[in-house]
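So this one's entry.cif, mmCIF, C-alpha atoms:
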```
data_upload
loop_
_atom_site.group_PDB
_atom_site.id
_atom_site.type_symbol
_atom_site.label_atom_id
_atom_site.label_comp_id
_atom_site.auth_asym_id
_atom_site.auth_seq_id
_atom_site.Cartn_x
_atom_site.Cartn_y
_atom_site.Cartn_z
ATOM 1 C CA MET A 1 191.325 170.649 154.228
ATOM 2 C CA ARG A 2 193.508 168.792 151.742
ATOM 3 C CA THR A 3 195.458 167.150 154.575
ATOM 4 C CA LEU A 4 192.249 165.913 156.150
ATOM 5 C CA PHE A 5 191.178 164.409 152.821
ATOM 6 C CA VAL A 6 194.516 162.618 152.363
ATOM 7 C CA LEU A 7 194.451 161.282 155.925
ATOM 8 C CA SER A 8 190.870 160.059 155.463
ATOM 9 C CA LEU A 9 191.819 158.313 152.238
ATOM 10 C CA LEU A 10 194.823 156.648 153.860
ATOM 11 C CA GLY A 11 192.624 155.545 156.762
ATOM 12 C CA LEU A 12 190.139 153.954 154.383
ATOM 13 C CA LEU A 13 192.918 152.138 152.550
ATOM 14 C CA TRP A 14 194.321 150.861 155.839
ATOM 15 C CA ILE A 15 190.908 149.650 156.994
ATOM 16 C CA SER A 16 190.197 147.882 153.681
ATOM 17 C CA ASN A 17 193.626 146.253 153.797
ATOM 18 C CA ALA A 18 192.992 145.030 157.331
ATOM 19 C CA HIS A 19 189.617 143.678 156.242
ATOM 20 C CA THR A 20 191.157 141.549 153.500
ATOM 21 C CA ALA A 21 193.708 139.940 155.801
ATOM 22 C CA ASP A 22 193.992 136.221 155.243
ATOM 23 C CA ILE A 23 192.738 133.820 157.855
ATOM 24 C CA PRO A 24 195.698 131.727 159.026
ATOM 25 C CA VAL A 25 195.385 127.960 158.803
ATOM 26 C CA ASP A 26 197.066 125.242 160.830
ATOM 27 C CA PHE A 27 197.677 121.689 159.737
ATOM 28 C CA THR A 28 198.681 118.731 161.827
ATOM 29 C CA SER A 29 200.709 117.303 158.946
ATOM 30 C CA PRO A 30 203.411 119.063 156.897
ATOM 31 C CA ASN A 31 202.167 117.011 153.925
ATOM 32 C CA ASP A 32 198.714 118.604 154.245
ATOM 33 C CA GLN A 33 200.301 122.061 154.410
ATOM 34 C CA LEU A 34 202.266 121.282 151.242
ATOM 35 C CA ARG A 35 199.127 119.999 149.472
ATOM 36 C CA TYR A 36 197.240 123.115 150.551
ATOM 37 C CA ASN A 37 199.944 125.441 149.215
ATOM 38 C CA GLN A 38 200.180 123.532 145.918
ATOM 39 C CA LEU A 39 196.410 123.599 145.400
ATOM 40 C CA LEU A 40 196.257 127.324 146.105
ATOM 41 C CA GLU A 41 198.877 127.876 143.401
ATOM 42 C CA GLU A 42 196.977 125.695 140.899
ATOM 43 C CA LEU A 43 193.618 127.386 141.442
ATOM 44 C CA ARG A 44 192.796 130.830 140.097
ATOM 45 C CA CYS A 45 190.921 133.562 141.958
ATOM 46 C CA LEU A 46 187.693 134.120 140.069
ATOM 47 C CA VAL A 47 187.460 137.859 140.716
ATOM 48 C CA CYS A 48 191.100 138.900 140.391
ATOM 49 C CA GLN A 49 193.117 139.522 137.297
ATOM 50 C CA ASN A 50 195.227 136.424 136.831
ATOM 51 C CA GLN A 51 196.033 135.781 140.482
ATOM 52 C CA SER A 52 196.145 132.430 142.189
ATOM 53 C CA LEU A 53 194.202 131.766 145.370
ATOM 54 C CA ALA A 54 197.532 132.019 147.190
ATOM 55 C CA ASP A 55 198.159 135.547 145.865
ATOM 56 C CA SER A 56 194.676 137.033 146.078
ATOM 57 C CA HIS A 57 193.261 139.067 148.945
ATOM 58 C CA ALA A 58 189.690 139.062 147.631
ATOM 59 C CA ASP A 59 186.898 137.861 149.887
ATOM 60 C CA LEU A 60 185.946 135.135 147.401
ATOM 61 C CA ALA A 61 189.546 133.895 147.358
ATOM 62 C CA GLN A 62 189.474 133.634 151.148
ATOM 63 C CA ASP A 63 186.235 131.652 150.925
ATOM 64 C CA LEU A 64 187.812 129.296 148.376
ATOM 65 C CA ARG A 65 190.949 128.908 150.505
ATOM 66 C CA THR A 66 188.718 127.972 153.450
ATOM 67 C CA GLU A 67 186.883 125.456 151.261
ATOM 68 C CA VAL A 68 190.194 123.900 150.164
ATOM 69 C CA TYR A 69 191.390 123.795 153.780
ATOM 70 C CA ASP A 70 188.189 122.099 154.967
ATOM 71 C CA MET A 71 188.420 119.491 152.204
ATOM 72 C CA ILE A 72 192.071 118.738 152.975
ATOM 73 C CA VAL A 73 191.349 118.397 156.695
ATOM 74 C CA SER A 74 188.444 116.060 155.903
ATOM 75 C CA GLY A 75 190.845 113.828 153.941
ATOM 76 C CA GLU A 76 189.785 114.590 150.354
ATOM 77 C CA PRO A 77 192.457 113.820 147.730
ATOM 78 C CA ASN A 78 193.724 116.649 145.516
ATOM 79 C CA ALA A 79 191.954 115.281 142.450
ATOM 80 C CA ASP A 80 188.579 115.386 144.227
ATOM 81 C CA ILE A 81 189.202 118.925 145.470
ATOM 82 C CA ILE A 82 190.056 120.121 141.960
ATOM 83 C CA LYS A 83 187.080 118.233 140.517
ATOM 84 C CA PHE A 84 184.774 119.904 143.064
ATOM 85 C CA MET A 85 186.125 123.359 142.232
ATOM 86 C CA VAL A 86 185.761 122.794 138.482
ATOM 87 C CA GLU A 87 182.223 121.447 138.849
ATOM 88 C CA ARG A 88 181.252 124.420 140.963
ATOM 89 C CA TYR A 89 183.124 127.266 139.200
ATOM 90 C CA GLY A 90 184.049 125.930 135.769
ATOM 91 C CA ASP A 91 187.388 125.382 134.069
ATOM 92 C CA PHE A 92 188.359 129.035 134.533
ATOM 93 C CA VAL A 93 189.222 128.246 138.161
ATOM 94 C CA LEU A 94 192.223 126.242 136.879
ATOM 95 C CA TYR A 95 195.429 128.004 135.857
ATOM 96 C CA LYS A 96 195.920 125.300 133.216
ATOM 97 C CA PRO A 97 192.419 124.488 131.964
ATOM 98 C CA PRO A 98 192.055 121.362 129.821
ATOM 99 C CA MET A 99 191.908 121.755 126.038
ATOM 100 C CA LYS A 100 188.281 121.264 125.053
ATOM 101 C CA THR A 101 185.652 123.141 123.081
ATOM 102 C CA THR A 102 184.428 125.091 126.106
ATOM 103 C CA THR A 103 187.936 126.398 126.873
ATOM 104 C CA TRP A 104 189.091 127.296 123.364
ATOM 105 C CA LEU A 105 188.513 130.965 124.109
ATOM 106 C CA LEU A 106 190.791 130.722 127.155
ATOM 107 C CA TRP A 107 193.513 129.081 125.071
ATOM 108 C CA PHE A 108 193.206 130.977 121.787
ATOM 109 C CA GLY A 109 191.516 134.226 122.856
ATOM 110 C CA PRO A 110 194.730 136.243 123.269
ATOM 111 C CA ALA A 111 196.024 135.145 119.858
ATOM 112 C CA LEU A 112 192.676 136.022 118.269
ATOM 113 C CA LEU A 113 192.826 139.475 119.830
ATOM 114 C CA VAL A 114 196.332 140.079 118.459
ATOM 115 C CA ILE A 115 195.354 138.861 114.981
ATOM 116 C CA THR A 116 192.228 141.043 115.011
ATOM 117 C CA ALA A 117 194.209 144.106 116.109
ATOM 118 C CA LEU A 118 196.841 143.553 113.405
ATOM 119 C CA THR A 119 194.132 143.085 110.769
ATOM 120 C CA ILE A 120 192.493 146.361 111.785
ATOM 121 C CA VAL A 121 195.814 148.198 111.625
ATOM 122 C CA VAL A 122 196.679 146.771 108.188
ATOM 123 C CA VAL A 123 193.227 147.525 106.745
ATOM 124 C CA ALA A 124 193.312 151.075 108.136
ATOM 125 C CA ALA A 125 196.795 151.654 106.690
ATOM 126 C CA ARG A 126 195.736 150.408 103.260
ATOM 127 C CA LYS A 127 192.592 152.519 103.322
ATOM 128 C CA ASN A 128 194.584 155.590 104.335
ATOM 129 C CA LYS A 129 197.093 154.967 101.547
ATOM 130 C CA ALA A 130 194.321 154.473 98.980
ATOM 131 C CA GLN A 131 192.667 157.762 99.974
ATOM 132 C CA ARG A 132 195.839 159.714 99.223
ATOM 133 C CA ALA A 133 195.344 159.997 95.471
ATOM 134 C CA PRO A 134 197.850 162.079 93.503
ATOM 135 C CA LEU A 135 196.896 165.681 92.687
ATOM 136 C CA SER A 136 195.482 166.428 89.278
ATOM 137 C CA GLU A 137 197.323 168.875 87.020
ATOM 138 C CA ALA A 138 194.653 171.534 87.693
ATOM 139 C CA ASP A 139 195.119 171.102 91.458
ATOM 140 C CA ARG A 140 198.890 171.401 91.062
ATOM 141 C CA GLU A 141 198.475 174.616 89.112
ATOM 142 C CA SER A 142 196.194 176.031 91.842
ATOM 143 C CA VAL A 143 198.782 175.194 94.493
ATOM 144 C CA ARG A 144 201.549 176.861 92.421
ATOM 145 C CA ARG A 145 199.440 180.025 92.067
ATOM 146 C CA LEU A 146 198.788 180.149 95.814
ATOM 147 C CA ILE A 147 202.477 179.708 96.612
ATOM 148 C CA ASN A 148 203.488 182.347 94.079
ATOM 149 C CA SER A 149 200.871 184.814 95.355
ATOM 150 C CA ASN A 150 202.179 184.352 98.911
ATOM 151 C CA ASP A 151 205.797 184.806 97.739
ATOM 152 C CA ASN A 152 204.891 188.125 96.085
ATOM 153 C CA ARG A 153 203.096 189.536 99.167
ATOM 154 C CA PRO A 154 205.020 192.116 101.152
ATOM 155 C CA ASP A 155 205.676 191.202 104.779
#
```
Encoded form (structure tokens):
Amino acid sequence: MRTLFVLSLLGLLWISNAHTADIPVDFTSPNDQLRYNQLLEELRCLVCQNQSLADSHADLAQDLRTEVYDMIVSGEPNADIIKFMVERYGDFVLYKPPMKTTTWLLWFGPALLVITALTIVVVAARKNKAQRAPLSEADRESVRRLINSNDNRPD
């Protein structure tokens, strides 16, 4: 039964991998092929975690690669292709988004997360240290009595 499950799982993985196969493209000019490859490296897949269109196997990435291919074949310059992608999908589609108020979170978000995490750790450490007040003399005497009573017990 376990073998059947493993084989079924492997079959599903193989089928999904075959489904995400990239559609090959052909260019009449090596310059167009170079432009295509450069654009795919500059543009980010919108559904993947930090992958370029060249690296992604997502369906949306394939759609975007097809869009880039069609625009190159129709003679669009790189700047117009990038402008189209940004207008349609926002600055997040660029690996190097421009510095402006709408992209500050992209630029400074990771640093803000680190600063927030460090602040939480420091505050928690200080709070923990403040909660460890020294024992009063009465508490010390109670502890001594407990230790002495345990020392005098027969094993």
Apply the PyMOL selection byres ((chain A and resi 95-97) around 8) to the structure shown and report the selected residues as a compact mmCIF listing (two decimals) with C-alpha atoms, in the frame of the given file.
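Okay, result07.txt is ready:
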```txt
# COMPACT_ATOMS: atom_id res chain seq x y z
CA GLU A 42 196.98 125.70 140.90
CA LEU A 43 193.62 127.39 141.44
CA ARG A 44 192.80 130.83 140.10
CA SER A 52 196.14 132.43 142.19
CA ASP A 91 187.39 125.38 134.07
CA PHE A 92 188.36 129.04 134.53
CA VAL A 93 189.22 128.25 138.16
CA LEU A 94 192.22 126.24 136.88
CA PRO A 98 192.06 121.36 129.82
CA MET A 99 191.91 121.76 126.04
CA THR A 103 187.94 126.40 126.87
```
Could you state the separation of CA of Val73 in chain A and CA of Cys48 in chain A in Å, given to one decimal place?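 Taking CA of Val73 in chain A as the start and CA of Cys48 in chain A as the end point, the length is 26.2 Å.
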What residues come out when you apply the PyMOL selection byres ((chain A and resi 27) around 12) to this file, written as an MDAnalysis selection string? chainID A and resid 24:26 28:37 69:70 72:75
So that I have them on file, write out the residues from the current selection with C-alpha atoms, as a PDB file, in the coordinates of the input.
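What follows is the written file again-v3.pdb:
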```pdb
ATOM      1  CA  PRO A  24     195.698 131.727 159.026  1.00  0.00           C
ATOM      2  CA  VAL A  25     195.385 127.960 158.803  1.00  0.00           C
ATOM      3  CA  ASP A  26     197.066 125.242 160.830  1.00  0.00           C
ATOM      4  CA  THR A  28     198.681 118.731 161.827  1.00  0.00           C
ATOM      5  CA  SER A  29     200.709 117.303 158.946  1.00  0.00           C
ATOM      6  CA  PRO A  30     203.411 119.063 156.897  1.00  0.00           C
ATOM      7  CA  ASN A  31     202.167 117.011 153.925  1.00  0.00           C
ATOM      8  CA  ASP A  32     198.714 118.604 154.245  1.00  0.00           C
ATOM      9  CA  GLN A  33     200.301 122.061 154.410  1.00  0.00           C
ATOM     10  CA  LEU A  34     202.266 121.282 151.242  1.00  0.00           C
ATOM     11  CA  ARG A  35     199.127 119.999 149.472  1.00  0.00           C
ATOM     12  CA  TYR A  36     197.240 123.115 150.551  1.00  0.00           C
ATOM     13  CA  ASN A  37     199.944 125.441 149.215  1.00  0.00           C
ATOM     14  CA  TYR A  69     191.390 123.795 153.780  1.00  0.00           C
ATOM     15  CA  ASP A  70     188.189 122.099 154.967  1.00  0.00           C
ATOM     16  CA  ILE A  72     192.071 118.738 152.975  1.00  0.00           C
ATOM     17  CA  VAL A  73     191.349 118.397 156.695  1.00  0.00           C
ATOM     18  CA  SER A  74     188.444 116.060 155.903  1.00  0.00           C
ATOM     19  CA  GLY A  75     190.845 113.828 153.941  1.00  0.00           C
TER      20      GLY A  75
END
```
All file atoms of range 84-91 of chain A boxed axis-aligned, 3 Å per side, centre plus edges, as JSON:
```
{"center_x": 184.3, "center_y": 123.6, "center_z": 138.6, "size_x": 12.1, "size_y": 13.4, "size_z": 15.0}
```
Would you mind putting N, CA and C atoms back on range 47-65 of chain A and writing the result as a short mmCIF file (atom, residue, chain, number, x, y, z; two decimals), in the coordinates of the input?
```cif
data_model
loop_
_atom_site.label_atom_id
_atom_site.label_comp_id
_atom_site.auth_asym_id
_atom_site.auth_seq_id
_atom_site.Cartn_x
_atom_site.Cartn_y
_atom_site.Cartn_z
N VAL A 47 187.76 136.43 140.83
CA VAL A 47 187.46 137.86 140.72
C VAL A 47 188.69 138.72 140.48
N CYS A 48 189.86 138.14 140.58
CA CYS A 48 191.10 138.90 140.39
C CYS A 48 191.61 138.73 138.97
N GLN A 49 192.53 139.60 138.62
CA GLN A 49 193.12 139.52 137.30
C GLN A 49 194.34 138.62 137.35
N ASN A 50 194.15 137.39 136.97
CA ASN A 50 195.23 136.42 136.83
C ASN A 50 196.05 136.24 138.12
N GLN A 51 195.36 136.08 139.23
CA GLN A 51 196.03 135.78 140.48
C GLN A 51 195.58 134.41 140.97
N SER A 52 196.51 133.71 141.59
CA SER A 52 196.14 132.43 142.19
C SER A 52 195.42 132.69 143.51
N LEU A 53 194.84 131.64 144.05
CA LEU A 53 194.20 131.77 145.37
C LEU A 53 195.24 132.13 146.43
N ALA A 54 196.47 131.71 146.24
CA ALA A 54 197.53 132.02 147.19
C ALA A 54 197.88 133.50 147.17
N ASP A 55 197.75 134.14 146.01
CA ASP A 55 198.16 135.55 145.86
C ASP A 55 197.04 136.54 146.13
N SER A 56 195.81 136.12 146.03
CA SER A 56 194.68 137.03 146.08
C SER A 56 194.25 137.38 147.51
N HIS A 57 193.80 138.62 147.66
CA HIS A 57 193.26 139.07 148.94
C HIS A 57 191.76 139.31 148.87
N ALA A 58 191.13 138.87 147.80
CA ALA A 58 189.69 139.06 147.63
C ALA A 58 188.92 138.18 148.61
N ASP A 59 187.73 138.63 148.96
CA ASP A 59 186.90 137.86 149.89
C ASP A 59 186.56 136.48 149.32
N LEU A 60 186.26 136.42 148.02
CA LEU A 60 185.95 135.14 147.40
C LEU A 60 187.15 134.20 147.47
N ALA A 61 188.34 134.73 147.27
CA ALA A 61 189.55 133.90 147.36
C ALA A 61 189.70 133.33 148.77
N GLN A 62 189.40 134.13 149.77
CA GLN A 62 189.47 133.63 151.15
C GLN A 62 188.46 132.52 151.36
N ASP A 63 187.25 132.70 150.82
CA ASP A 63 186.24 131.65 150.93
C ASP A 63 186.70 130.36 150.25
N LEU A 64 187.33 130.48 149.09
CA LEU A 64 187.81 129.30 148.38
C LEU A 64 188.97 128.65 149.12
N ARG A 65 189.85 129.47 149.71
CA ARG A 65 190.95 128.91 150.50
C ARG A 65 190.39 128.13 151.70
#
```
